[in-house]
Each structure stands twice: as C-alpha cells, then as structure tokens.
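In what follows, a structure is listed as structure tokens, so that the remarks can point back to it.
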Amino acid sequence: MATNKPKHILIAPLDWGMGHTTRCMPIIAYLLSLGHVVTVAGNQSQRSFIEETFSGIDFIHLNGYNITYSKWNKWAQAGLISQMPGILKSIRSEHKWLKNLVKAQKIDGIISDNRYGLYHSIIPSVIMTHQLRVRSGLGRLADQAIQHIHFKQLERFNNSWVVDNPSKPDLGGALSHSESIPANAEFIGLLSRFSDLTDTLNTSGLKNNDSEVLIMLSGPEPQRSEISCILWQQATKYPGKISFIEGREDVLTPVYIPAHISYYKRLTSDQLLPLLAKADIVICRSGYSSLMDLTALRKKAILIPTPGQTEQIYLSKYLDKGGVFYATSQQGFDLAASLKNVDSFPFKTPIPDSSFMLFKQVLKGWAESL
C-alpha cells in the first residue's frame, strides 16, 4: 500500500551526449521538492554536471554506453550499427549492476532515461523515451522489425513515459507518435531544465541592441569536434558578436580568441541562461533535449543534425518544414549564408508553456503509488 513517506528513487540517464542528463533535471528537482530522496547514476561527466546544480545529491557511478560516430559522414550510420553488440553488452551489464545495487540499498522506484537494462522484477521501474518509432535509415521493413524489438524492450518496464505532447502541437512528430504504442506507454509532455526560468529570461534585462550569435555544441565524438572545427574557423571571420560553447571541459582552448568571440568550454544551466537571453540566434545540434530547451525559452535556432544520427536528421527536417527552426547540414555549412537565410524564416512557436508542466502530475502520482 502506498504511503506518504519519502521514497528513495534511482534516476539513471543515458550518456549519449549530455541531453538525457539535462532533461532529467526537472524530474530530479520536482521529486526533491516533494520531499523524496533521489540518487542519480551515471559516469563522471554526468556526475559533475548534476552536482553543479544539485548540491549534496547522492550519486553512484554507472558505466556509460560510450557511443561514438564515424568522422566520415557516409559511414556514420554503419558505424553506429556496428556498435550494437557493445550496446547490448552494456544493457546486460547495467541490468546485473541494478540487481546488485538493490541488494545493497533500499530503492523504492527506478526512472531510466533510455537505459534499457534498468528494469526490475519487483521494484517499480519507468523508462523515459521520446522515440517510439525508430528510423534506422535502412528502410521501412527494417524500421518495423526494430520497432517490434524496441516495444518488447520498453514493455519490460512497468511504465514507458513518452516525452512529448500526446497530440499536436508536438515536437517529436512521427518519432514519438507511432501508429501503435506499447501497452504501458503514457505521454508526459516536454521536459526542459529551463521551463521554470522563462520569467527570469523575460525580465532579466540582459537583452541588448547588439545582434549576438550563440554557438552551443554537444553530442558524441568525433562529430562534436568536427562541427567545432567547422564553426570555429567561420566564427573567427564573422564580424558580429559570438558566444562559443564547446560543451566539454577536456578540450584545448584556442591559442587565439578574437575580441568579438566569448569562448567557453562547458557551462552550468545558471551560467548558460544569460547567454541564451542575449542571443538573437542559437546554432546547435538537433538533439531532442536541446530542442525542448529552445522551445521552452522561445529561442530562434539554426539546427545542424549530427551526420548519421537519423533521429536528429528527421527532427531537423520536421521542424524546418513546420517553420519552427531553420535546419541545414554539416557538410558545406556556411555561417554567413545561414544567418542571412534565417532573416526570412518564420520561427513559429506552436508549443504552449503548459506542455512543460504535464510531467508533474504523472510523476507525483507515480511516486505516491510506490
């Protein structure tokens, strides 16, 4: 029987870039506000990021999937497929890790963000995803076969929380709105670390009259370094103001930084917010968590999907076609031309702010049922 006593909840985001970690932040914050105890599992980079926001939070090391992308665009998808044996091994390993953990600690509930091995036969477990319909790039029949396997994996959990609106306007398009959905699926709206900070953005007074570009890098290597090199070379020649964020702490600082560029390695959410407030346009990957953050803050953006990541390619095209964000490819990217093209782009904002509050009702009810 459920009680009102604080519950101990394990939250484990995937280490595929930092997006899965950032979108867990409103989940963590709301559970803490309800008086529950949260332990986060992840690698060292995730730990550093979480602890910068939530001081004193419990953290347990959990090895990541360590996914990489090929440097050569035409081999990127094949390279990802070749890593599937390693990914499956990681899933089996994290499932074994979880069983050992619950023997040593009392865990009341588990929230996994796209980590498929963190289900349990006794402890209620949830998996969060925004992708029900998989786009493999291998054709419709392959996608159908993969989706069948995917649903089986999702249904190992007690609940599957789909991170999107249940109906239009939506952000994930066909990725999150499949013709069929798992029996345990429930839409929980959108998640953004900035959803409670929109008033701060609107009243901060940080916006100035000078046009400013914010370049915000993320994602797995070596493609993060590839786009960093492309954008840095062009940013140094661009005459306007630019804030350039590498998205990693372990990169070498450029030998020469022009006066018009403000350079950063990695920023906390609090440090990033003023830069977002000043930016007229954001240039970034089309990762789903970045899209949710941009939507929450009503920012205009140029999206450059990671080569070979079919999900990002689909999302960038879907949102470009809908007039929400401008999209272009990494190959042949031209900073000056892209900034000129966005002058006539509509940049529609169809997602209501209420979409970022839907998860609270679902999360509160789930925690109370434990």
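Residues are named by chain letter and number: chains run A, B, ... in the order of the structure tokens, numbers start at 1 in each chain, and ligands are numbered from 1 in the order shown.
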What's around range 100-113 of chain A at 6 Å? Count only C-alpha atoms, leave out sequence neighbours fewer than 3 positions away in its own chain, and write the answer as a short mmCIF file (atom, residue, chain, number, x, y, z; two decimals) with C-alpha atoms, in the first residue's frame.
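Result file follows (selection.cif):
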```cif
data_model
loop_
_atom_site.label_atom_id
_atom_site.label_comp_id
_atom_site.auth_asym_id
_atom_site.auth_seq_id
_atom_site.Cartn_x
_atom_site.Cartn_y
_atom_site.Cartn_z
CA LYS A 7 10.61 7.39 -1.32
CA HIS A 8 14.15 6.56 -2.44
CA ILE A 9 14.20 6.91 -6.24
CA LEU A 10 17.05 5.98 -8.56
CA ILE A 11 17.39 8.08 -11.73
CA ALA A 12 19.78 6.98 -14.48
CA PRO A 13 20.12 8.97 -17.74
CA LEU A 14 21.87 7.64 -20.83
CA TRP A 97 24.53 -3.87 -11.82
CA ILE A 123 10.82 -2.66 -7.86
CA PRO A 124 8.57 -0.39 -9.99
CA SER A 125 10.59 0.87 -12.93
CA VAL A 126 9.97 3.51 -15.60
CA ILE A 127 11.77 4.16 -18.86
CA MET A 128 11.61 7.60 -20.48
#
```
| request: Could you give me the residues within range 112-294 of chain A that DSSP places in helix (DSSP H, G or I), as a PyMOL selection string? | output: chain A and resi 140-154+173-175+198-203+223-235+269-278+288-294
Keeping only N, CA and C atoms, write the selected residues to a file as a short mmCIF file (atom, residue, chain, number, x, y, z; two decimals), in the first residue's frame.
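And here's part_20.cif as it stands now:
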```cif
data_model
loop_
_atom_site.label_atom_id
_atom_site.label_comp_id
_atom_site.auth_asym_id
_atom_site.auth_seq_id
_atom_site.Cartn_x
_atom_site.Cartn_y
_atom_site.Cartn_z
N ARG A 140 11.81 0.77 -44.60
CA ARG A 140 10.59 0.59 -43.82
C ARG A 140 10.53 -0.77 -43.13
N LEU A 141 10.89 -1.84 -43.83
CA LEU A 141 10.82 -3.17 -43.23
C LEU A 141 11.77 -3.30 -42.04
N ALA A 142 12.96 -2.76 -42.21
CA ALA A 142 13.92 -2.79 -41.10
C ALA A 142 13.40 -1.99 -39.92
N ASP A 143 12.79 -0.83 -40.20
CA ASP A 143 12.25 0.00 -39.13
C ASP A 143 11.13 -0.72 -38.37
N GLN A 144 10.29 -1.44 -39.09
CA GLN A 144 9.20 -2.17 -38.45
C GLN A 144 9.74 -3.28 -37.56
N ALA A 145 10.76 -3.99 -38.04
CA ALA A 145 11.35 -5.06 -37.24
C ALA A 145 12.01 -4.50 -35.98
N ILE A 146 12.73 -3.39 -36.13
CA ILE A 146 13.40 -2.77 -34.99
C ILE A 146 12.37 -2.24 -33.99
N GLN A 147 11.28 -1.67 -34.50
CA GLN A 147 10.25 -1.14 -33.60
C GLN A 147 9.62 -2.25 -32.78
N HIS A 148 9.41 -3.42 -33.39
CA HIS A 148 8.85 -4.55 -32.66
C HIS A 148 9.76 -4.94 -31.49
N ILE A 149 11.06 -5.01 -31.77
CA ILE A 149 12.04 -5.34 -30.73
C ILE A 149 12.06 -4.23 -29.67
N HIS A 150 11.99 -2.99 -30.15
CA HIS A 150 12.02 -1.84 -29.25
C HIS A 150 10.85 -1.88 -28.27
N PHE A 151 9.65 -2.16 -28.76
CA PHE A 151 8.47 -2.23 -27.89
C PHE A 151 8.63 -3.33 -26.84
N LYS A 152 9.22 -4.45 -27.24
CA LYS A 152 9.45 -5.53 -26.28
C LYS A 152 10.38 -5.07 -25.15
N GLN A 153 11.40 -4.28 -25.52
CA GLN A 153 12.32 -3.75 -24.52
C GLN A 153 11.61 -2.77 -23.59
N LEU A 154 10.77 -1.91 -24.14
CA LEU A 154 10.05 -0.92 -23.34
C LEU A 154 9.07 -1.59 -22.38
N GLY A 173 7.06 14.70 -33.68
CA GLY A 173 6.49 14.21 -34.92
C GLY A 173 6.27 12.72 -34.91
N ALA A 174 6.63 12.06 -36.01
CA ALA A 174 6.40 10.63 -36.16
C ALA A 174 7.28 9.79 -35.24
N LEU A 175 8.35 10.37 -34.69
CA LEU A 175 9.20 9.60 -33.78
C LEU A 175 8.46 9.23 -32.50
N THR A 198 11.55 30.79 -17.45
CA THR A 198 11.16 31.67 -18.55
C THR A 198 10.91 33.09 -18.07
N ASP A 199 10.35 33.25 -16.86
CA ASP A 199 10.12 34.59 -16.33
C ASP A 199 11.45 35.30 -16.09
N THR A 200 12.44 34.55 -15.61
CA THR A 200 13.77 35.12 -15.40
C THR A 200 14.34 35.62 -16.72
N LEU A 201 14.16 34.84 -17.77
CA LEU A 201 14.67 35.22 -19.08
C LEU A 201 13.98 36.48 -19.58
N ASN A 202 12.67 36.56 -19.39
CA ASN A 202 11.90 37.67 -19.93
C ASN A 202 12.10 38.97 -19.16
N THR A 203 12.49 38.87 -17.88
CA THR A 203 12.59 40.07 -17.05
C THR A 203 14.03 40.38 -16.64
N GLN A 223 32.17 13.57 -33.90
CA GLN A 223 31.40 14.57 -34.63
C GLN A 223 31.30 15.90 -33.89
N ARG A 224 31.34 15.88 -32.55
CA ARG A 224 31.33 17.16 -31.83
C ARG A 224 32.56 17.98 -32.19
N SER A 225 33.72 17.33 -32.23
CA SER A 225 34.95 18.03 -32.60
C SER A 225 34.92 18.48 -34.05
N GLU A 226 34.30 17.68 -34.92
CA GLU A 226 34.21 18.03 -36.33
C GLU A 226 33.43 19.34 -36.52
N ILE A 227 32.26 19.43 -35.92
CA ILE A 227 31.46 20.64 -36.09
C ILE A 227 32.10 21.82 -35.36
N SER A 228 32.80 21.55 -34.26
CA SER A 228 33.50 22.61 -33.55
C SER A 228 34.55 23.25 -34.44
N CYS A 229 35.30 22.42 -35.15
CA CYS A 229 36.34 22.93 -36.05
C CYS A 229 35.73 23.77 -37.17
N ILE A 230 34.64 23.26 -37.76
CA ILE A 230 33.98 23.98 -38.86
C ILE A 230 33.46 25.33 -38.39
N LEU A 231 32.77 25.34 -37.26
CA LEU A 231 32.15 26.58 -36.77
C LEU A 231 33.19 27.56 -36.24
N TRP A 232 34.25 27.06 -35.60
CA TRP A 232 35.27 27.97 -35.08
C TRP A 232 35.98 28.71 -36.21
N GLN A 233 36.33 27.99 -37.26
CA GLN A 233 37.00 28.63 -38.39
C GLN A 233 36.16 29.74 -38.99
N GLN A 234 34.85 29.50 -39.10
CA GLN A 234 33.97 30.51 -39.69
C GLN A 234 33.62 31.61 -38.69
N ALA A 235 33.55 31.26 -37.41
CA ALA A 235 33.22 32.27 -36.39
C ALA A 235 34.32 33.32 -36.27
N SER A 269 23.70 25.33 -16.07
CA SER A 269 22.45 25.92 -16.57
C SER A 269 22.35 27.39 -16.18
N ASP A 270 22.75 27.72 -14.95
CA ASP A 270 22.69 29.10 -14.49
C ASP A 270 23.64 30.00 -15.27
N GLN A 271 24.79 29.46 -15.66
CA GLN A 271 25.75 30.24 -16.45
C GLN A 271 25.29 30.38 -17.90
N LEU A 272 24.60 29.37 -18.40
CA LEU A 272 24.14 29.40 -19.79
C LEU A 272 22.96 30.33 -20.01
N LEU A 273 22.09 30.45 -19.02
CA LEU A 273 20.86 31.21 -19.19
C LEU A 273 21.08 32.66 -19.64
N PRO A 274 22.02 33.43 -19.04
CA PRO A 274 22.24 34.80 -19.53
C PRO A 274 22.69 34.87 -20.98
N LEU A 275 23.46 33.87 -21.42
CA LEU A 275 23.90 33.85 -22.82
C LEU A 275 22.72 33.58 -23.74
N LEU A 276 21.83 32.70 -23.32
CA LEU A 276 20.63 32.46 -24.10
C LEU A 276 19.76 33.70 -24.15
N ALA A 277 19.70 34.44 -23.06
CA ALA A 277 18.90 35.66 -23.00
C ALA A 277 19.39 36.69 -24.01
N LYS A 278 20.70 36.78 -24.19
CA LYS A 278 21.28 37.78 -25.09
C LYS A 278 21.25 37.36 -26.55
N TYR A 288 17.06 16.15 -29.14
CA TYR A 288 15.71 16.41 -28.64
C TYR A 288 15.72 17.28 -27.39
N SER A 289 16.66 17.07 -26.50
CA SER A 289 16.73 17.87 -25.28
C SER A 289 17.05 19.33 -25.60
N SER A 290 17.94 19.57 -26.55
CA SER A 290 18.24 20.94 -26.97
C SER A 290 17.00 21.60 -27.57
N LEU A 291 16.24 20.83 -28.34
CA LEU A 291 15.02 21.37 -28.94
C LEU A 291 14.00 21.76 -27.87
N MET A 292 13.90 20.94 -26.82
CA MET A 292 12.97 21.26 -25.74
C MET A 292 13.41 22.52 -25.00
N ASP A 293 14.72 22.66 -24.77
CA ASP A 293 15.23 23.87 -24.10
C ASP A 293 14.95 25.11 -24.95
N LEU A 294 15.22 25.03 -26.24
CA LEU A 294 14.98 26.16 -27.14
C LEU A 294 13.50 26.54 -27.17
#
```
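With CA of Ile313 in chain A on one side and CA of Phe347 in chain A on the other, the separation reads 18.3 Å.
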| message | Using only C-alpha atoms, can you tell me which of A:Leu335, A:Leu315, A:Asn158, A:Ser218 comes closest to Tyr238 in chain A? | response |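 That would be A:Leu335, the residue with the smallest distance to Tyr238 in chain A.
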| query | Which is closest to Met18 in chain A among A:Gln131, A:Ser329, A:Ser178, A:Thr268, if we use only C-alpha atoms? | reply | A:Thr268
| request: Have a look at A:Ala337, A:Leu88, A:Ala301, A:Leu62 and name the one nearest to Leu319 in chain A; count only C-alpha atoms. | output: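 Smallest distance to Leu319 in chain A is found for A:Ala301.
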| task | Assign secondary structure with DSSP using the backbone only, and return the residues of range 80-197 of chain A in strand (DSSP E) as a list in words. | result |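 Listing strand (DSSP E) positions across range 80-197 of chain A yields Gly109, Ile110, Ile111, Ser112, Asp113, Ser125, Val126, Ile127, Met128, Thr129, Asn159, Ser160, Trp161, Val162, Ala185, Glu186 and Phe187 of chain A.
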Any chance you can output those residues with N, CA and C atoms as a PDB file, in the first residue's frame?
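What follows is the written file again.pdb:
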```pdb
ATOM      1  N   GLY A 109      11.836   3.044  -6.234  1.00  0.00           N
ATOM      2  CA  GLY A 109      11.418   3.209  -7.621  1.00  0.00           C
ATOM      3  C   GLY A 109      12.594   3.567  -8.504  1.00  0.00           C
ATOM      4  N   ILE A 110      12.495   3.247  -9.785  1.00  0.00           N
ATOM      5  CA  ILE A 110      13.581   3.465 -10.752  1.00  0.00           C
ATOM      6  C   ILE A 110      13.051   4.251 -11.938  1.00  0.00           C
ATOM      7  N   ILE A 111      13.760   5.319 -12.319  1.00  0.00           N
ATOM      8  CA  ILE A 111      13.464   6.063 -13.541  1.00  0.00           C
ATOM      9  C   ILE A 111      14.695   5.994 -14.431  1.00  0.00           C
ATOM     10  N   SER A 112      14.561   5.333 -15.556  1.00  0.00           N
ATOM     11  CA  SER A 112      15.648   5.188 -16.517  1.00  0.00           C
ATOM     12  C   SER A 112      15.354   6.058 -17.735  1.00  0.00           C
ATOM     13  N   ASP A 113      16.313   6.886 -18.109  1.00  0.00           N
ATOM     14  CA  ASP A 113      16.160   7.659 -19.341  1.00  0.00           C
ATOM     15  C   ASP A 113      16.942   6.964 -20.444  1.00  0.00           C
ATOM     16  N   SER A 125       9.601   0.213 -12.084  1.00  0.00           N
ATOM     17  CA  SER A 125      10.593   0.874 -12.933  1.00  0.00           C
ATOM     18  C   SER A 125       9.915   1.551 -14.113  1.00  0.00           C
ATOM     19  N   VAL A 126      10.476   2.698 -14.494  1.00  0.00           N
ATOM     20  CA  VAL A 126       9.969   3.514 -15.601  1.00  0.00           C
ATOM     21  C   VAL A 126      11.107   3.752 -16.576  1.00  0.00           C
ATOM     22  N   ILE A 127      10.802   3.729 -17.861  1.00  0.00           N
ATOM     23  CA  ILE A 127      11.766   4.164 -18.857  1.00  0.00           C
ATOM     24  C   ILE A 127      11.199   5.368 -19.598  1.00  0.00           C
ATOM     25  N   MET A 128      12.014   6.407 -19.741  1.00  0.00           N
ATOM     26  CA  MET A 128      11.613   7.602 -20.480  1.00  0.00           C
ATOM     27  C   MET A 128      12.219   7.551 -21.878  1.00  0.00           C
ATOM     28  N   THR A 129      11.411   7.919 -22.865  1.00  0.00           N
ATOM     29  CA  THR A 129      11.884   7.962 -24.241  1.00  0.00           C
ATOM     30  C   THR A 129      11.049   8.961 -25.010  1.00  0.00           C
ATOM     31  N   ASN A 159       6.308   1.078 -16.627  1.00  0.00           N
ATOM     32  CA  ASN A 159       5.760   2.223 -17.351  1.00  0.00           C
ATOM     33  C   ASN A 159       6.756   2.715 -18.383  1.00  0.00           C
ATOM     34  N   SER A 160       6.234   3.175 -19.518  1.00  0.00           N
ATOM     35  CA  SER A 160       7.046   3.884 -20.502  1.00  0.00           C
ATOM     36  C   SER A 160       6.504   5.306 -20.596  1.00  0.00           C
ATOM     37  N   TRP A 161       7.319   6.275 -20.235  1.00  0.00           N
ATOM     38  CA  TRP A 161       6.903   7.672 -20.299  1.00  0.00           C
ATOM     39  C   TRP A 161       7.437   8.291 -21.590  1.00  0.00           C
ATOM     40  N   VAL A 162       6.527   8.727 -22.434  1.00  0.00           N
ATOM     41  CA  VAL A 162       6.891   9.321 -23.723  1.00  0.00           C
ATOM     42  C   VAL A 162       7.008  10.830 -23.540  1.00  0.00           C
ATOM     43  N   ALA A 185       2.616   2.615 -22.240  1.00  0.00           N
ATOM     44  CA  ALA A 185       3.066   3.957 -22.602  1.00  0.00           C
ATOM     45  C   ALA A 185       2.114   5.040 -22.112  1.00  0.00           C
ATOM     46  N   GLU A 186       2.700   6.173 -21.710  1.00  0.00           N
ATOM     47  CA  GLU A 186       1.938   7.344 -21.280  1.00  0.00           C
ATOM     48  C   GLU A 186       2.733   8.600 -21.668  1.00  0.00           C
ATOM     49  N   PHE A 187       2.067   9.555 -22.294  1.00  0.00           N
ATOM     50  CA  PHE A 187       2.718  10.806 -22.664  1.00  0.00           C
ATOM     51  C   PHE A 187       2.785  11.724 -21.448  1.00  0.00           C
TER      52      PHE A 187
END
```
| Ala279 in chain A environment, 7 Å, only C-alpha atoms, sequence neighbours closer than 6 positions dropped, as a ChimeraX atom specification | /A:212-214
Taking only C-alpha atoms into account, produce a table as a Markdown table in which each residue of range 239-309 of chain A with an atom at most 12 Å from an atom of range 30-47 of chain A appears once, together with its shortest atom pair and the distance in Å to one decimal, ordered by chain and rising number.
```
| residue | atom | partner | partner_atom | distance |
| --- | --- | --- | --- | --- |
| A:Gly247 | CA | A:Ser45 | CA | 11.0 |
| A:Arg248 | CA | A:Ser45 | CA | 8.9 |
| A:Glu249 | CA | A:Ser45 | CA | 9.0 |
| A:Asp250 | CA | A:Ser45 | CA | 10.2 |
| A:Arg266 | CA | A:Ser45 | CA | 10.8 |
| A:Thr268 | CA | A:Gln46 | CA | 11.8 |
```
Take the residues from that selection and write them out as a JSON list (two decimals), in the first residue's frame, keeping C-alpha atoms.
```
[["chain", "number", "residue", "atom", "x", "y", "z"],
["A", 247, "GLY", "CA", 30.21, 21.60, -24.44],
["A", 248, "ARG", "CA", 33.22, 19.75, -22.98],
["A", 249, "GLU", "CA", 35.71, 20.58, -20.26],
["A", 250, "ASP", "CA", 38.55, 18.45, -21.63],
["A", 266, "ARG", "CA", 31.23, 23.93, -20.53],
["A", 268, "THR", "CA", 26.10, 25.13, -15.87]]
```
| note | Taken to one decimal, the CA of Met25 in chain A-CA of Gln330 in chain A distance is 29.3 Å
| field | Contact residues around Ala336 in chain A with only C-alpha atoms at 10 Å, ignoring same-chain residues under 2 positions, as JSON, numbers by chain | value | {"A": [234, 235, 237, 238, 239, 333, 334, 338, 339, 340, 341]}
Contacts of range 253-260 of chain A within 9 Å, only C-alpha atoms, excl. fewer than 6 positions in-chain, as a PDB file with N, CA and C atoms, in the first residue's frame:
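Here's the written file selection37.pdb:
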```
ATOM      1  N   THR A 236      35.571  32.914 -36.431  1.00  0.00           N
ATOM      2  CA  THR A 236      36.674  33.870 -36.313  1.00  0.00           C
ATOM      3  C   THR A 236      36.631  34.925 -37.415  1.00  0.00           C
ATOM      4  N   TYR A 238      33.664  35.924 -38.822  1.00  0.00           N
ATOM      5  CA  TYR A 238      32.366  36.600 -38.774  1.00  0.00           C
ATOM      6  C   TYR A 238      32.503  37.901 -37.976  1.00  0.00           C
ATOM      7  N   PRO A 239      31.964  39.021 -38.472  1.00  0.00           N
ATOM      8  CA  PRO A 239      32.205  40.309 -37.808  1.00  0.00           C
ATOM      9  C   PRO A 239      31.365  40.562 -36.558  1.00  0.00           C
ATOM     10  N   GLY A 240      30.250  39.835 -36.392  1.00  0.00           N
ATOM     11  CA  GLY A 240      29.366  40.094 -35.259  1.00  0.00           C
ATOM     12  C   GLY A 240      29.791  39.395 -33.984  1.00  0.00           C
ATOM     13  N   LYS A 241      29.078  39.703 -32.888  1.00  0.00           N
ATOM     14  CA  LYS A 241      29.371  39.099 -31.594  1.00  0.00           C
ATOM     15  C   LYS A 241      28.939  37.631 -31.561  1.00  0.00           C
ATOM     16  N   ILE A 242      29.787  36.786 -30.979  1.00  0.00           N
ATOM     17  CA  ILE A 242      29.504  35.350 -30.888  1.00  0.00           C
ATOM     18  C   ILE A 242      29.893  34.843 -29.509  1.00  0.00           C
ATOM     19  N   SER A 243      29.020  34.055 -28.913  1.00  0.00           N
ATOM     20  CA  SER A 243      29.379  33.254 -27.735  1.00  0.00           C
ATOM     21  C   SER A 243      29.539  31.820 -28.209  1.00  0.00           C
TER      22      SER A 243
END
```
| request: List the neighbours of Ile283 in chain A out to 9 Å using only C-alpha atoms; skip same-chain residues closer than 4 positions along the sequence, and give me the result as a PyMOL selection string. | output: chain A and resi 213-217+300-304
